[in-house]
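*Asks:* Mind having a look at this structure? Questions to follow.
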Amino acid sequence: MRTTTRRGARLGVLATAAVLVLSACGGGSIDEQTKANEEQAADSGGECGELNMAVNPWVGYEASAYVVGTVAQEQLGCTVNYKELKEDVSWQGFGTGEVDVVIEDWGHPDLEKKFFADQGDGSAEDFGPQGNVGIIGWFVPPWLAEEHPDILEWSNLNKYAKEFATSESDGKGQFLGADPSYVQFDEAIVNNLDLDFKVVYSGSEAASIEAFRKAEENKEWVIGYWYEPQYFNAEVPMQRVSLPAYEDGCQDDPQKVACDYPETELKKIVGTDWAASDSTAVNLVKNFEWTNDDQNVVAGYIAADGMSPEDAASKWIEENQDKVDAWLQQ
Amino acid sequence: MTTTAPAPPRPVEPGAAPPVVPDSGMSRWIPAAAVVVLWVVVWALTKGSDTLDLPALSRTGLHDRLTEIQNGLLEGRATNPVMQFTNAIADAFRATVAWLQELVSKPAFPRPVPQIGWLGVTAIATYVALVVASWRIALLVLASFLSFGVLGFWDESMDTLIVVGISVLLAVLIGMPLAVWIGTNARANAVVTVFLDLMQTMPTFVYLLPIVLFFGIGTSAAVVATLIYALPPIIRIAGFGIREVSTTTIEATDSAGQTYWQRLTKVQLPMARKTIIVGLNQTTLAALSMATLASFVDGPGLGKPVLQGLRVNDVGTAFVPGVLIVVMAVMLDRTTTAASERSERVARGGDRNPLRRRIEVVGGAVVALVAVYLSRTYVSLADFPTYSIGSSISQAVSDAVEWVTTTFGGVTGGLKDFVSTYLLNPVQSVLAESPWYVSFAAIALLALVFGGVRALVITVVCLLGILWLDLWNDAMVTLNMTLVATVLVMALALVFGVWMARDRRVDLGIRPLLDAGQTIPPFVYLIPVLALFGPGRFTAIVAGIVYAAPAAIKLVADGVKGVSPTTIEAGRSTGQTTWQEITKVQLPMAKGSIVLATNQGLLYVLSMTVIGGLVGAGALGFDVVYGFSRSEAWGKGAAAGLTIVLLGVMLDRITRAAADRRRDDGPGTRRAFNIRLPIGPPGS
């Protein structure tokens with residue numbers, strides 16, 4: 001017992017000594033930086049204030065959110081709060097002021113009904129397209145498209161249905177459905193086109209990506225719901241299977257869908273109160289527009305190169321200040 | 001062979017060793033087998049009709065009505081007085097968390113750093129550990145806090161500790177009065193238990209959306225969600241401890257004319273103290289296990305980087321914060337346990353060396369204060385310096401997992417197909433493709449066989465509830481996965497449990513891994529498991545096993561260890577082989593623990609249903625995720641959540657009733673049944 005006490009005391013002394021040495025050489029004093037911060041706060045007028053940016057859970061979204069957020073923070077002096085939320089929770093937050101901006105919306109008619117002014121409580125509003133075009137469809141891994149090019153036509157799918165069978169698909173071909181957050185009509189499409197497939201939901205984007213990656217590596221047969229913009233397509237360029245072309249109205253009755261998904265113009269949705277405020281970030285979000293390629297670059301920095309979202313955004317901004325300048329114009 | 005019953009191990013021949021009580025369980029397997037055979041025959045004739053199958057993205061009128069409740073609340077949120085009240089509470093939570101964050105984890109403007117830097121926080125934590133526990137624990141705390149910073153997650157770790165701390169404090173404030181109530185009033189106990197079961201088995205995803213509605217997004221939602229999940233253990237366990245205080249003691253002191261209050265504070269609470277501390281310990285660990293889920297509604301802390309790892313599909317990114325959650329769990333577990341042991345010692349005989357103690361307390365305080373001062377003065381002592389070791393570890397883990405998946409991809413696929421074809425599919429076919437009334441009747445009959453009339457009644461009530469919730473087919477598919485996973489869990493539990501009980505070194509080696517398996521967030525190992533097995537039911541089962549097997553293994557190991565050495569000696573003297581010793585003495589004598597392990601295995605596996613929904617297992621787990629993801633389907637998610645609760649209650653009551661009917665059960669088993677979640681330090 002005595003020895004442990006003594007050892008403890010010795011440790012304490014050692015630690016204190018180490019700390020003193022460390023503090024002598026490392027870093028500056030906190031007081032100086034505090035004063036600097038105070039002066040800076042007095043200087044800036046605080047025109048931007050706080051920006052509450054929802055971050056929905058996919059990498060492409062994260063890329064858009066952090067690019068806008070970083071510009072707001074670095075070039076407009078906003079305090080940006082990133083809020084990691086699913087879509088529905090984000091929309092709920094407009095009314096309470098907890099969320100100001102959803103930067104990439106793939107279309108949520110039911111939420112628009114609840115929160116837009118014409119039918120709902122008017123806490124949210126459409127802030128126009130953000131430039132990305134969402135392409136949803138049925139995709140196969142590239143090796144499959146190469147070895148069986150005719151698979152890219154839906155009418156040939158039944159020929160190969162048996163090859164897609166798994167332990168989960170009851171002897172039929174397995175069609176890999178996606179994260180339940182997304183709008184999906186695949187069960188109806190399979191039925192109405194008389195395809196010998198069963199829809200099995202992967203449950204999450206991570207699960208779908210692992211399935212596609214594995215399929216490409218081991219030349220396994222996989223077909224599933226997939227989309228663009230999506231950083232993973234840079235690693236494995238998934239190939240789209242053409243379904244009967246989309247026509248207006250062919251998705252109106254969810255049970256009768258027998259056509260492909262339309263291209264979706266991704267939008268910005270913002271809180272009405274925030275949009276009416278004099279925050280300088282309102283203008284930035286209003287002007288923000290970029291392309292699928294832009295987004296894929298940033299998403300690739302994050303997911304493939306393992307950069308933090310902040311670093312990835314800063315890197316892209318540095319390389320593309322001209323585009324950023326366009327957003328900052330009045 | 002189809003195994004449809006909950007999976008107690010195959011019974012052993014009775015009466016081999018002298019002290020073994022004749023086994024009443026043997027006979028139950030014959031009628032059970034008869035029910036199963038009959039079921040299979042009827043299934044073969046009626047397969048595919050009246051299965052009540054509902055497509056994954058379809059909803060029924062009931063589900064839409066449930067959704068309407070949520071929508072109604074949303075529409076009226078500006079004027080709802082209850083919400084105004086809860087929002088006021090939420091503001092208080094937010095303010096408290098924000099204040100604590102400025103104290104230890106976030107820059108307290110205009111300061112560039114928090115009020116107290118890492119050095120001060122670490123010193124205070126170590127000092128507290130020294131005062132309430134011991135030098136050894138203090139060193140453990142010191143090492144844990146340093147690891148938070150060195151691995152690069154200081155701020156997140158502090159945030160998690162803040163949320164856990166506030167939630168546990170509230171859980172004690174709310175839970176202890178309730179525990180006293182249920183500990184002294186049998187009727188209250190029966191009522192409260194229903195709510196506790198609901199809180200512990202209802203999937204968090206179901207109540208996250210309503211929580212956001214009532215308490216807002218972020219820290220306030222995180223505190224409330226954590227509180228809901230962390231509250232039951234302390235009520236349950238502390239209540240149990242108070243109830244167990246011997247009646248003779250109470251009568252003896254009552255005769256001295258004490259008041260109710262005196263009895264409570266002078267007799268019941270002090271005598272139940274050890275159990276209450278166990279409850280506190282379990283509540284703390286339950287709170288920690290919510291860290292990741294709370295991050296789904298922007299709760300701060302280590303859950304965020306774990307979810308980021310899931311988003312970018314990189315196991316390494318999620319691994320380091322996941323391990324830190326384990327480190328935190330071990331730290332809190334060992335500290336609370338050691339603190340309770342110490343207080344016990346002090347209460348019994350006081351400190352052996354008061355002078356030394358005084359030096360420790362005063363000297364430690366001085367060191368801690370100096371550290372706080374320094375951390376308020378120098379940036380490098382406030383802001384944890386950046387080390388590259390964290391990212392090196394995550395890179396190494398990613399590489400290792402990559403190697404494993406590419407090397408063993410073929411083998412694992414075969415395993416998945418084997419289990420799916422020969423175990424999952426046939427059982428699922430019988431459960432889910434029989435007409436609903438056939439499965440209903442067969443399950444009810446099995447409940448009667450194993451648990452008697454009481455179990456039958458509860459089972460029928462639960463099954464009627466499931467039927468009403470319109471997700472019968474999904475419930476059967478989920479039940480199938482739960483049963484198959486539990487069979488595999490019990491196989492592991494028997495093998496490793498016996499091995500650990502028979503060899504102390506194995507026990508010491510495996511325990512930390514079991515603790516880690518129970519506390520690491522499942523989201524960390526989802527990615528490698530997905531890479532190995534692809535999306536599907538088997539992947540969900542593997543995740544369930546990783547989570548459930550540790551608890552079952554520990555229970556079996558402790559049960560086998562508890563077999564009296566004289567019994568074993570007696571057997572050895574008659575020249576038993578090791579195999580005979582295990583199968584004829586140790587396992588039969590530990591049967592109570594094995595049934596308990598089965599019970600816990602079932603409930604743990606069931607609690608992973610929602611995780612299964614994220615990896616392609618479909619059924620109820622998918623429904624819950626769907627309801628959480630799309631608010632127009634919230635009602636379906638809620639119905640699925642309630643169905644999971646009903647399945648859990650049903651399986652729990654059947655196995656409990658089965659245990660109660662065993663004649664050889666000492667009070668030990670029943671005692672253990674009341675204390676859930678047996679996570680603990682080695683050798684406890």
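All residue names refer to the structure tokens as shown: chains lettered A, B, ... in order, residues numbered from 1 in each chain, ligands numbered from 1 in order.
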Within 7 Å of chain A, which residues of chain B show up when using only C-alpha atoms, listed as an MDAnalysis selection string?
*Replies:* chainID B and resid 110:112 217 296:298 310:313 377:381 417 420:421 530:531 534:536 613:616 618 622 626 629:631
*Asks:* Produce a file of the selected residues containing N, CA and C atoms, as a CSV table (one decimal), in the first residue's frame.
*Replies:*
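The resulting file, result.csv, is shown below:
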```
chain,number,residue,atom,x,y,z
B,110,PRO,N,-15.8,34.6,-25.7
B,110,PRO,CA,-14.8,34.7,-26.7
B,110,PRO,C,-13.5,33.9,-26.5
B,111,ARG,N,-13.5,33.0,-25.5
B,111,ARG,CA,-12.3,32.2,-25.4
B,111,ARG,C,-12.2,31.3,-26.6
B,112,PRO,N,-11.1,31.0,-27.0
B,112,PRO,CA,-10.9,30.1,-28.2
B,112,PRO,C,-11.1,28.6,-27.8
B,217,ILE,N,-35.0,19.2,-31.9
B,217,ILE,CA,-33.9,18.5,-32.5
B,217,ILE,C,-32.7,18.7,-31.7
B,296,PHE,N,-29.0,10.1,-34.6
B,296,PHE,CA,-29.9,10.1,-35.8
B,296,PHE,C,-30.8,11.4,-35.7
B,297,VAL,N,-30.9,12.0,-34.6
B,297,VAL,CA,-31.6,13.3,-34.5
B,297,VAL,C,-30.7,14.4,-34.1
B,298,ASP,N,-29.4,14.3,-34.5
B,298,ASP,CA,-28.4,15.3,-34.3
B,298,ASP,C,-28.0,15.4,-32.9
B,310,LEU,N,-20.7,5.0,-41.3
B,310,LEU,CA,-21.7,4.3,-42.0
B,310,LEU,C,-22.0,5.0,-43.3
B,311,ARG,N,-22.0,6.3,-43.3
B,311,ARG,CA,-22.4,7.1,-44.5
B,311,ARG,C,-21.4,6.9,-45.6
B,312,VAL,N,-20.1,7.0,-45.2
B,312,VAL,CA,-19.1,6.8,-46.3
B,312,VAL,C,-18.7,5.4,-46.4
B,313,ASN,N,-19.4,4.5,-45.7
B,313,ASN,CA,-19.1,3.1,-45.9
B,313,ASN,C,-17.7,2.7,-45.5
B,377,THR,N,-5.0,28.4,-19.0
B,377,THR,CA,-4.0,29.4,-19.3
B,377,THR,C,-3.3,29.1,-20.7
B,378,TYR,N,-3.0,27.9,-20.9
B,378,TYR,CA,-2.2,27.5,-22.1
B,378,TYR,C,-3.0,26.7,-23.1
B,379,VAL,N,-2.9,27.2,-24.4
B,379,VAL,CA,-3.8,26.6,-25.4
B,379,VAL,C,-3.5,25.1,-25.5
B,380,SER,N,-2.2,24.7,-25.5
B,380,SER,CA,-1.9,23.3,-25.7
B,380,SER,C,-2.4,22.4,-24.6
B,381,LEU,N,-2.7,23.0,-23.4
B,381,LEU,CA,-3.3,22.2,-22.3
B,381,LEU,C,-4.8,22.2,-22.3
B,417,ASP,N,-25.4,-19.2,-47.5
B,417,ASP,CA,-26.3,-20.0,-48.2
B,417,ASP,C,-26.8,-21.2,-47.5
B,420,SER,N,-29.1,-20.2,-44.6
B,420,SER,CA,-30.4,-19.7,-45.2
B,420,SER,C,-31.2,-20.9,-45.7
B,421,THR,N,-30.5,-21.8,-46.5
B,421,THR,CA,-31.3,-22.9,-47.1
B,421,THR,C,-31.8,-23.9,-46.1
B,530,LEU,N,-21.7,-6.7,-43.7
B,530,LEU,CA,-22.3,-6.6,-45.0
B,530,LEU,C,-21.4,-7.0,-46.1
B,531,ALA,N,-20.1,-6.6,-46.0
B,531,ALA,CA,-19.1,-6.9,-47.0
B,531,ALA,C,-18.9,-8.4,-47.1
B,534,GLY,N,-23.3,-9.8,-47.6
B,534,GLY,CA,-24.2,-9.1,-48.5
B,534,GLY,C,-25.5,-8.9,-47.7
B,535,PRO,N,-26.4,-8.0,-48.3
B,535,PRO,CA,-27.6,-7.7,-47.6
B,535,PRO,C,-28.6,-9.0,-47.5
B,536,GLY,N,-29.2,-9.2,-46.4
B,536,GLY,CA,-30.1,-10.3,-46.3
B,536,GLY,C,-30.3,-10.7,-44.8
B,613,GLY,N,-33.2,-4.5,-40.2
B,613,GLY,CA,-33.9,-3.8,-41.2
B,613,GLY,C,-33.0,-2.9,-42.1
B,614,LEU,N,-31.9,-2.5,-41.5
B,614,LEU,CA,-31.0,-1.6,-42.2
B,614,LEU,C,-30.0,-2.4,-43.1
B,615,VAL,N,-30.0,-3.8,-43.0
B,615,VAL,CA,-29.1,-4.6,-43.8
B,615,VAL,C,-29.8,-5.6,-44.6
B,616,GLY,N,-31.1,-5.3,-44.9
B,616,GLY,CA,-31.8,-6.1,-45.9
B,616,GLY,C,-32.5,-7.3,-45.4
B,618,GLY,N,-35.5,-7.2,-44.1
B,618,GLY,CA,-36.9,-7.0,-44.3
B,618,GLY,C,-37.7,-7.1,-43.0
B,622,PHE,N,-37.5,-3.6,-41.2
B,622,PHE,CA,-37.6,-2.7,-42.3
B,622,PHE,C,-38.8,-1.8,-42.1
B,626,TYR,N,-38.6,2.1,-42.3
B,626,TYR,CA,-39.4,2.8,-43.2
B,626,TYR,C,-40.3,3.9,-42.5
B,629,SER,N,-38.1,6.8,-41.7
B,629,SER,CA,-37.6,7.5,-42.8
B,629,SER,C,-38.6,8.4,-43.5
B,630,ARG,N,-39.9,7.9,-43.6
B,630,ARG,CA,-40.9,8.6,-44.3
B,630,ARG,C,-42.1,8.8,-43.4
B,631,SER,N,-42.4,10.1,-43.1
B,631,SER,CA,-43.4,10.4,-42.1
B,631,SER,C,-44.7,9.9,-42.5
```
*Asks:* Within range 126-349 of chain B, find each residue whose DSSP state, derived from the backbone, is alpha helix (DSSP H), and express the selection as a PyMOL selection string.
*Replies:* chain B and resi 126-132+135-150+154-184+186-201+204-215+219-244+247-254+260-262+269-271+273-289+291-294+303-311+315-349
*Asks:* If you count only C-alpha atoms, which residues fall within 9 Å of range 383-394 of chain B, apart from same-chain ones fewer than 6 positions away, as a PyMOL selection string?
*Replies:* chain B and resi 113-114+117-119+149-154+314-320+375
*Asks:* Pick out the residues sitting within 8 Å of Gly299 in chain B, and hand them over as a VMD selection string; count only C-alpha atoms, and ignore anything fewer than 3 positions along from it in its own chain.
*Replies:* chain B and resid 217 to 222 291 294 to 296 303 to 304
*Asks:* Please identify all polymer residues within 7 Å of range 210-216 of chain B, counting only C-alpha atoms, omitting same-chain residues fewer than 4 positions from it, and present them as an NGL selection string.
*Replies:* :B and (74 or 83 or 86-87 or 90 or 220-221)
*Asks:* If we count only C-alpha atoms and set the cut-off at 12 Å, which residues sit around Val191 in chain B, ignoring sequence neighbours fewer than 6 positions away in its own chain? Please answer as an MDAnalysis selection string.
*Replies:* chainID B and resid 178 181:182 185 197:198
